[in-house]
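Here is the file query37.txt (compact mmCIF, C-alpha atoms).
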```txt
# COMPACT_ATOMS: atom_id res chain seq x y z
CA MET A 1 -9.28 81.21 122.30
CA ALA A 2 -6.17 79.15 121.45
CA VAL A 3 -3.86 79.35 124.43
CA LEU A 4 -0.13 78.79 124.14
CA ILE A 5 2.24 78.53 127.11
CA ARG A 6 5.83 79.57 126.52
CA ARG A 7 8.72 81.28 128.26
CA LEU A 8 8.32 84.97 129.04
CA GLU A 9 9.83 87.21 126.34
CA GLU A 10 10.95 90.79 126.75
CA PRO A 11 8.30 92.38 124.48
CA ASP A 12 5.43 90.64 126.29
CA GLN A 13 2.81 93.04 127.64
CA VAL A 14 2.90 92.60 131.39
CA GLU A 15 1.89 96.10 132.55
CA LEU A 16 -1.85 95.45 132.31
CA PHE A 17 -1.71 92.05 133.99
CA ASP A 18 -4.02 92.00 136.99
CA CYS A 19 -4.70 88.83 138.96
CA GLY A 20 -6.08 90.78 141.92
CA ASP A 21 -2.98 90.22 144.04
CA GLU A 22 -0.48 93.08 144.01
CA PRO A 23 2.66 91.07 144.91
CA LEU A 24 1.93 88.63 142.06
CA ASN A 25 1.17 91.49 139.64
CA ASN A 26 4.27 93.32 140.71
CA TYR A 27 6.48 90.28 140.30
CA LEU A 28 5.42 89.83 136.69
CA ARG A 29 5.59 93.54 135.86
CA ARG A 30 8.84 94.42 137.59
CA HIS A 31 10.91 91.37 138.32
CA ALA A 32 10.07 88.33 136.20
CA TRP A 33 12.06 89.33 133.11
CA ALA A 34 15.09 90.55 135.05
CA ASN A 35 15.06 87.46 137.24
CA GLN A 36 14.90 85.23 134.20
CA GLN A 37 17.43 86.93 131.96
CA LYS A 38 19.83 88.82 134.22
CA SER A 39 19.82 87.26 137.65
CA SER A 40 18.86 83.71 136.67
CA ILE A 41 16.67 83.42 139.76
CA GLY A 42 13.56 81.95 138.17
CA VAL A 43 12.11 81.18 134.75
CA THR A 44 8.64 82.52 134.04
CA TYR A 45 6.23 80.85 131.62
CA VAL A 46 3.28 82.80 130.32
CA ALA A 47 -0.07 81.81 128.87
CA ILE A 48 -0.96 83.83 125.80
CA ASP A 49 -3.79 83.82 123.30
CA GLU A 50 -2.38 83.07 119.87
CA GLY A 51 -4.67 85.80 118.53
CA ALA A 52 -2.97 88.41 120.77
CA PRO A 53 0.41 86.85 121.30
CA ARG A 54 1.93 89.54 123.55
CA THR A 55 -0.87 89.81 126.10
CA VAL A 56 -0.13 87.75 129.19
CA LEU A 57 -3.22 85.91 130.47
CA GLY A 58 -1.48 84.01 133.25
CA TYR A 59 1.95 82.90 134.37
CA PHE A 60 3.99 80.66 136.60
CA THR A 61 7.62 80.78 137.69
CA LEU A 62 9.90 77.82 138.28
CA ALA A 63 13.31 77.42 139.85
CA THR A 64 15.33 74.52 141.18
CA ALA A 65 16.35 74.08 144.79
CA SER A 66 17.76 71.39 147.03
CA VAL A 67 17.92 70.46 150.67
CA PRO A 68 21.34 69.38 151.96
CA ARG A 69 21.18 65.90 153.40
CA ASP A 70 22.70 66.99 156.69
CA ALA A 71 19.95 69.60 157.14
CA PHE A 72 17.39 66.85 157.79
CA PRO A 73 16.71 65.66 161.35
CA LYS A 74 19.08 62.83 162.22
CA LYS A 75 16.39 60.20 162.59
CA TYR A 76 15.53 60.61 158.90
CA VAL A 77 19.01 60.88 157.44
CA ARG A 78 19.65 57.15 157.42
CA GLY A 79 16.66 56.46 155.22
CA LEU A 80 17.47 59.14 152.69
CA PRO A 81 19.85 58.72 149.74
CA PRO A 82 23.36 60.03 150.51
CA TYR A 83 22.86 63.18 148.47
CA ASP A 84 21.11 66.51 148.66
CA LEU A 85 17.39 66.26 147.94
CA PRO A 86 16.73 68.03 144.60
CA LEU A 87 13.45 69.89 144.25
CA ILE A 88 11.60 72.14 141.86
CA LEU A 89 10.06 75.27 143.30
CA LEU A 90 6.76 76.36 141.77
CA ALA A 91 7.39 79.89 142.92
CA ARG A 92 4.34 81.69 141.57
CA LEU A 93 1.19 80.93 139.61
CA ALA A 94 -1.43 83.52 138.72
CA VAL A 95 -4.21 84.15 136.20
CA ASP A 96 -5.44 87.56 135.07
CA ARG A 97 -8.89 88.29 136.54
CA ARG A 98 -10.31 88.98 133.08
CA PHE A 99 -9.57 85.39 132.09
CA SER A 100 -10.30 83.55 135.34
CA GLY A 101 -12.78 80.67 135.28
CA LYS A 102 -11.62 79.48 131.87
CA GLY A 103 -9.32 76.70 133.08
CA LEU A 104 -6.14 78.71 132.62
CA GLY A 105 -4.83 77.86 136.09
CA HIS A 106 -5.26 74.18 135.26
CA ALA A 107 -3.47 74.64 131.93
CA LEU A 108 -0.62 76.50 133.62
CA ILE A 109 -0.07 73.97 136.39
CA SER A 110 -0.32 71.12 133.85
CA GLU A 111 2.52 72.69 131.87
CA ALA A 112 4.51 73.22 135.08
CA PHE A 113 4.17 69.48 135.84
CA LYS A 114 5.37 68.56 132.35
CA ILE A 115 8.40 70.83 132.64
CA ALA A 116 9.12 69.41 136.09
CA LEU A 117 9.08 65.89 134.67
CA ARG A 118 11.51 66.87 131.92
CA VAL A 119 13.81 68.43 134.51
CA ALA A 120 13.52 65.29 136.63
CA ASP A 121 14.39 63.13 133.63
CA ASP A 122 17.35 65.29 132.62
CA VAL A 123 18.95 66.37 135.87
CA GLY A 124 17.00 64.71 138.69
CA CYS A 125 14.33 66.05 140.99
CA ARG A 126 12.52 64.44 143.92
CA GLY A 127 9.45 66.61 144.13
CA ILE A 128 7.75 69.92 143.55
CA ILE A 129 7.25 72.41 146.32
CA ALA A 130 5.05 75.49 146.36
CA ASP A 131 4.38 78.19 148.94
CA VAL A 132 0.64 78.53 148.65
CA TYR A 133 -1.80 81.20 149.80
CA ARG A 134 -3.99 79.64 152.46
CA ASP A 135 -7.19 80.19 150.49
CA ARG A 136 -5.63 78.19 147.60
CA ILE A 137 -4.54 75.14 149.62
CA ASP A 138 -7.55 73.08 148.52
CA TRP A 139 -6.89 73.89 144.86
CA TYR A 140 -3.31 72.58 145.09
CA ALA A 141 -4.42 69.59 147.18
CA ARG A 142 -6.67 68.52 144.30
CA TYR A 143 -3.48 67.90 142.29
CA GLY A 144 -1.98 65.88 145.13
CA PHE A 145 0.10 68.53 146.89
CA VAL A 146 0.46 67.76 150.60
CA ALA A 147 0.89 70.50 153.20
CA LEU A 148 4.17 70.36 155.11
CA GLU A 149 3.84 70.75 158.85
CA GLY A 150 5.81 73.24 160.88
CA GLY A 151 5.65 76.43 158.85
CA ALA A 152 4.59 79.85 160.10
CA PRO A 153 0.98 79.81 161.37
CA SER A 154 0.09 82.70 159.10
CA GLY A 155 1.30 83.46 155.60
CA PRO A 156 1.79 80.97 152.78
CA GLN A 157 1.61 77.22 153.38
CA ARG A 158 4.47 75.15 151.97
CA MET A 159 3.22 72.11 150.03
CA PHE A 160 4.96 69.14 148.43
CA LEU A 161 4.13 66.85 145.51
CA ASP A 162 6.25 63.75 144.89
CA ILE A 163 7.58 63.70 141.31
CA ARG A 164 6.97 59.94 141.21
CA THR A 165 3.26 60.64 141.59
CA VAL A 166 3.41 63.01 138.62
CA ARG A 167 5.28 60.38 136.59
CA VAL A 168 2.64 57.76 137.41
CA ALA A 169 -0.02 60.26 136.35
CA LEU A 170 1.70 60.79 133.02
CA LYS A 171 1.85 57.04 132.39
CA GLY A 172 -1.77 56.67 133.45
CA SER A 173 -2.84 59.45 131.14
CA GLN A 174 -1.01 57.86 128.21
CA GLN A 175 -2.67 54.51 128.84
CA ALA A 176 -6.15 56.00 129.14
CA MET B 1 31.04 74.88 102.96
CA VAL B 2 28.65 77.73 102.13
CA ARG B 3 29.30 77.33 98.42
CA GLY B 4 28.62 73.58 98.63
CA LEU B 5 25.37 74.09 100.50
CA LYS B 6 24.23 76.78 98.07
CA GLN B 7 24.86 74.39 95.17
CA GLU B 8 22.96 71.58 96.86
CA LEU B 9 20.04 73.87 97.58
CA GLN B 10 20.24 75.47 94.15
CA LEU B 11 20.51 78.93 95.66
CA ASN B 12 22.28 81.67 93.76
CA SER B 13 22.31 84.53 96.23
CA ASN B 14 23.86 84.77 99.64
CA THR B 15 20.77 86.71 100.76
CA ASP B 16 18.47 83.77 100.00
CA PHE B 17 20.90 81.41 101.66
CA LEU B 18 21.12 83.55 104.79
CA SER B 19 17.36 84.08 104.87
CA ASP B 20 16.67 80.32 104.73
CA ALA B 21 19.37 79.57 107.28
CA LEU B 22 17.96 82.16 109.67
CA ALA B 23 14.41 80.87 109.21
CA LEU B 24 15.57 77.34 110.03
CA PHE B 25 17.57 78.46 113.05
CA ARG B 26 14.73 80.64 114.31
CA TRP B 27 12.34 77.72 114.07
CA ALA B 28 14.77 75.45 115.93
CA VAL B 29 15.21 78.03 118.71
CA GLY B 30 11.43 78.37 119.03
CA GLU B 31 10.96 74.62 119.27
CA ARG B 32 13.63 74.19 121.95
CA LYS B 33 12.26 77.18 123.87
CA ARG B 34 8.94 75.35 124.07
CA GLY B 35 10.81 72.32 125.33
CA HIS B 36 10.25 70.38 122.09
CA ARG B 37 13.09 68.15 120.97
CA ILE B 38 14.15 68.07 117.33
CA PHE B 39 14.58 64.75 115.54
CA SER B 40 15.20 63.44 112.06
CA GLU B 41 13.48 60.17 111.27
CA ALA B 42 14.61 57.63 108.69
CA GLU B 43 12.16 55.54 106.70
CA THR B 44 13.08 52.62 108.95
CA GLY B 45 11.90 54.61 111.95
CA GLU B 46 15.42 55.22 113.23
CA ARG B 47 15.53 58.64 114.89
CA LYS B 48 18.42 60.99 115.50
CA GLU B 49 18.12 63.96 117.82
CA LEU B 50 19.57 67.32 116.91
CA VAL B 51 21.58 68.59 119.90
CA LEU B 52 23.40 71.90 119.51
CA PRO B 53 24.94 73.33 122.68
CA ARG B 54 23.81 76.85 121.76
CA LEU B 55 20.24 75.66 121.22
CA GLU B 56 20.25 73.86 124.55
CA ARG B 57 20.81 77.20 126.30
CA VAL B 58 17.19 78.14 125.59
CA ALA B 59 15.71 74.75 126.47
CA PRO B 60 13.50 74.98 129.56
CA GLU B 61 14.68 71.73 131.09
CA LEU B 62 18.23 73.03 131.37
CA ALA B 63 17.47 76.63 132.05
CA LEU B 64 15.87 76.51 135.47
CA PRO B 65 17.98 78.52 137.87
CA ARG B 66 18.68 77.40 141.39
CA VAL B 67 17.46 79.20 144.50
CA GLU B 68 17.98 78.84 148.24
CA ILE B 69 14.91 78.16 150.36
CA SER B 70 14.67 78.54 154.11
CA TRP B 71 13.07 75.71 156.09
CA THR B 72 11.99 75.24 159.68
CA PRO B 73 13.20 72.02 161.37
CA ARG B 74 9.59 70.78 161.51
CA GLU B 75 9.10 71.44 157.78
CA LEU B 76 12.25 69.43 157.01
CA GLU B 77 10.96 66.60 159.19
CA SER B 78 7.66 66.69 157.35
CA LEU B 79 9.44 66.79 153.97
CA ALA B 80 11.70 63.86 154.88
CA ASP B 81 8.70 61.90 156.07
CA LEU B 82 6.92 62.44 152.74
CA ALA B 83 10.06 61.74 150.69
CA LEU B 84 10.57 58.41 152.48
CA ARG B 85 7.01 57.26 151.93
CA GLU B 86 5.78 55.37 148.90
CA PRO B 87 4.39 57.97 146.51
CA ALA B 88 0.67 58.60 146.72
CA PRO B 89 -1.37 57.56 143.68
CA PRO B 90 -2.23 60.47 141.42
CA THR B 91 -5.50 62.25 141.99
CA GLU B 92 -8.11 62.47 139.23
CA THR B 93 -7.26 66.15 138.76
CA LEU B 94 -3.57 65.37 138.31
CA LEU B 95 -4.40 62.64 135.81
CA ARG B 96 -6.54 65.12 133.91
CA ALA B 97 -3.69 67.65 133.99
CA MET B 98 -1.28 65.18 132.44
CA ARG B 99 -3.73 64.21 129.71
CA GLY B 100 -3.85 67.68 128.23
```
Spit out the file's structure as structure tokens when you get a sec.
Amino acid sequence: MAVLIRRLEEPDQVELFDCGDEPLNNYLRRHAWANQQKSSIGVTYVAIDEGAPRTVLGYFTLATASVPRDAFPKKYVRGLPPYDLPLILLARLAVDRRFSGKGLGHALISEAFKIALRVADDVGCRGIIADVYRDRIDWYARYGFVALEGGAPSGPQRMFLDIRTVRVALKGSQQA
Amino acid sequence: MVRGLKQELQLNSNTDFLSDALALFRWAVGERKRGHRIFSEAETGERKELVLPRLERVAPELALPRVEISWTPRELESLADLALREPAPPTETLLRAMRG
């Protein structure tokens, strides 16, 4: 299976996508295209098999965000640059159940990191954040995401990965 | 301009000219959609990047929309704390991700 990751296109077959989580299925089926093309709320990237190039095997959605400098607690403001803190939001990541266990999640998040680095190089970005299901925290932590304290005790856990760490990883991978 | 290009390319029909032009443009759009940049390279190794404003509209690095996120004060404190720290070294899994 030769997997290609590219931006979601309108003719892509999303109706049969089933990752086992209805909100994630529903987002891809009902909202991803409209959010990308009409509302400009998030850009969705899909993994497809080049042999069946319209069947979505997995996806992730990215958007940019920022935290105004004056939103931070005062004791931290002095140490921060005098600008808003730019971030990339890894809003969703899911793999169809029929294709799980084949390393697609790893391929998808790898592509998300590469896009994040390009965004950081072109327009600036300090880190990647993701709101993560609690049973997936360990998976994200393996890539270096760190849980932020102070979120709701139930529901998704917000996690952060410094873009400088990703950049070091890219350099390290090129030297290896 | 069209006549000059047709002569250079030794094309007689406008249909062939349009077909080739569309194929080239379609390829360029596909490459930029994937985030690939398009260069010409001289024999000396000198490279020039093709940048067309219309093509850049489909490029992923410039096409990420912006969203508002809500934060609790404690989350912001935690984020600021992490942002002020020296970055952690990459994990083995992250290194593997960037190798692919």
So, counting all atoms listed in the file, which residue among A:Pro53, A:Gly103, A:Gly155, A:Gly144 is closest to Gln13 in chain A?
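Checking each of A:Pro53, A:Gly103, A:Gly155, A:Gly144 against Gln13 in chain A, counting all atoms listed in the file, the winner is A:Pro53.
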Please determine, counting all atoms listed in the file, which residue among A:Gly151, A:Gly20, A:Pro156, A:Pro86 has the shortest atom-to-atom distance to chain B.
A:Gly151
State, in Å with one decimal place, the distance from CA of Trp71 in chain B to CA of Arg69 in chain A.
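Distance between the two atoms: 13.0 Å.
Closest approach to chain B from the set A:Thr61, A:Ser110, A:Ser100, A:Gln175 is made by A:Ser110, with distances taken over all atoms listed in the file.
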Residues of chain B that have any atom at most 6 Å from an atom of chain A: could you tabulate them with the shortest-distance atom pair and the distance in Å to one decimal, using all atoms listed in the file, ordered by chain and increasing number, as CSV?
```
residue,atom,partner,partner_atom,distance
B:Arg34,CA,A:Arg6,CA,5.8
B:Glu61,CA,A:Val119,CA,4.8
B:Leu64,CA,A:Ala63,CA,5.2
B:Pro65,CA,A:Ala63,CA,5.2
B:Arg66,CA,A:Thr64,CA,4.4
B:Val67,CA,A:Ala65,CA,5.2
B:Arg74,CA,A:Gly150,CA,4.6
B:Glu75,CA,A:Gly150,CA,4.9
B:Leu76,CA,A:Phe72,CA,5.8
B:Ser78,CA,A:Leu148,CA,5.5
B:Pro87,CA,A:Thr165,CA,5.7
B:Pro89,CA,A:Thr165,CA,5.9
B:Pro90,CA,A:Thr165,CA,5.5
B:Thr91,CA,A:Gly144,CA,6.0
B:Thr93,CA,A:Tyr143,CA,5.5
B:Leu94,CA,A:Tyr143,CA,4.7
B:Leu95,CA,A:Ala169,CA,5.0
B:Ala97,CA,A:Ser110,CA,4.8
B:Met98,CA,A:Leu170,CA,5.3
B:Arg99,CA,A:Ser173,CA,5.0
```
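For the pair CA of Gly58 in chain A and CA of Pro23 in chain A, the interatomic distance is 14.2 Å.
Put simply, CA of Ile38 in chain B is 26.6 Å away from CA of Trp33 in chain A.
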A:Asp12, A:Pro153, A:Phe60, A:Asp21 ranked by distance to Leu104 in chain A, top pick (using only C-alpha atoms):
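Among the listed residues, the smallest separation from Leu104 in chain A belongs to A:Phe60.
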Any idea what's packed within 9 Å of Lys48 in chain B, counting all atoms listed in the file, ignoring anything in its chain fewer than 6 positions away? Could you give it as a list in words?
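In the requested form, the answer reads Ile38, Phe39, Ser40, Glu41 and Ala42 of chain B.
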From the set A:Arg78, A:His31, A:Arg97, A:Arg134, which residue has the shortest atom-to-atom contact distance to Ala80 in chain B, counting all atoms listed in the file?
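Smallest separation from Ala80 in chain B among the options: A:Arg78.
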Take range 114-126 of chain A, bring it up to N, CA and C atoms, and give me the output as a compact mmCIF listing (two decimals), in the coordinates of the input.
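What landed in out-v6.txt:
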```txt
# COMPACT_ATOMS: atom_id res chain seq x y z
N LYS A 114 4.65 69.17 133.49
CA LYS A 114 5.37 68.56 132.35
C LYS A 114 6.82 69.04 132.32
N ILE A 115 7.02 70.31 132.59
CA ILE A 115 8.40 70.83 132.64
C ILE A 115 9.15 70.16 133.80
N ALA A 116 8.47 70.04 134.93
CA ALA A 116 9.12 69.41 136.09
C ALA A 116 9.54 67.98 135.77
N LEU A 117 8.71 67.27 135.04
CA LEU A 117 9.08 65.89 134.67
C LEU A 117 10.29 65.86 133.75
N ARG A 118 10.34 66.82 132.82
CA ARG A 118 11.51 66.87 131.92
C ARG A 118 12.77 67.18 132.71
N VAL A 119 12.66 68.10 133.67
CA VAL A 119 13.81 68.43 134.51
C VAL A 119 14.23 67.19 135.30
N ALA A 120 13.23 66.50 135.84
CA ALA A 120 13.52 65.29 136.63
C ALA A 120 14.22 64.25 135.76
N ASP A 121 13.77 64.11 134.52
CA ASP A 121 14.39 63.13 133.63
C ASP A 121 15.81 63.54 133.26
N ASP A 122 16.04 64.83 133.12
CA ASP A 122 17.35 65.29 132.62
C ASP A 122 18.38 65.48 133.74
N VAL A 123 17.95 66.07 134.84
CA VAL A 123 18.95 66.37 135.87
C VAL A 123 18.57 65.86 137.26
N GLY A 124 17.40 65.26 137.40
CA GLY A 124 17.00 64.71 138.69
C GLY A 124 16.22 65.69 139.53
N CYS A 125 15.17 65.20 140.14
CA CYS A 125 14.33 66.05 140.99
C CYS A 125 13.43 65.10 141.77
N ARG A 126 13.27 65.36 143.06
CA ARG A 126 12.52 64.44 143.92
C ARG A 126 11.07 64.86 144.13
```
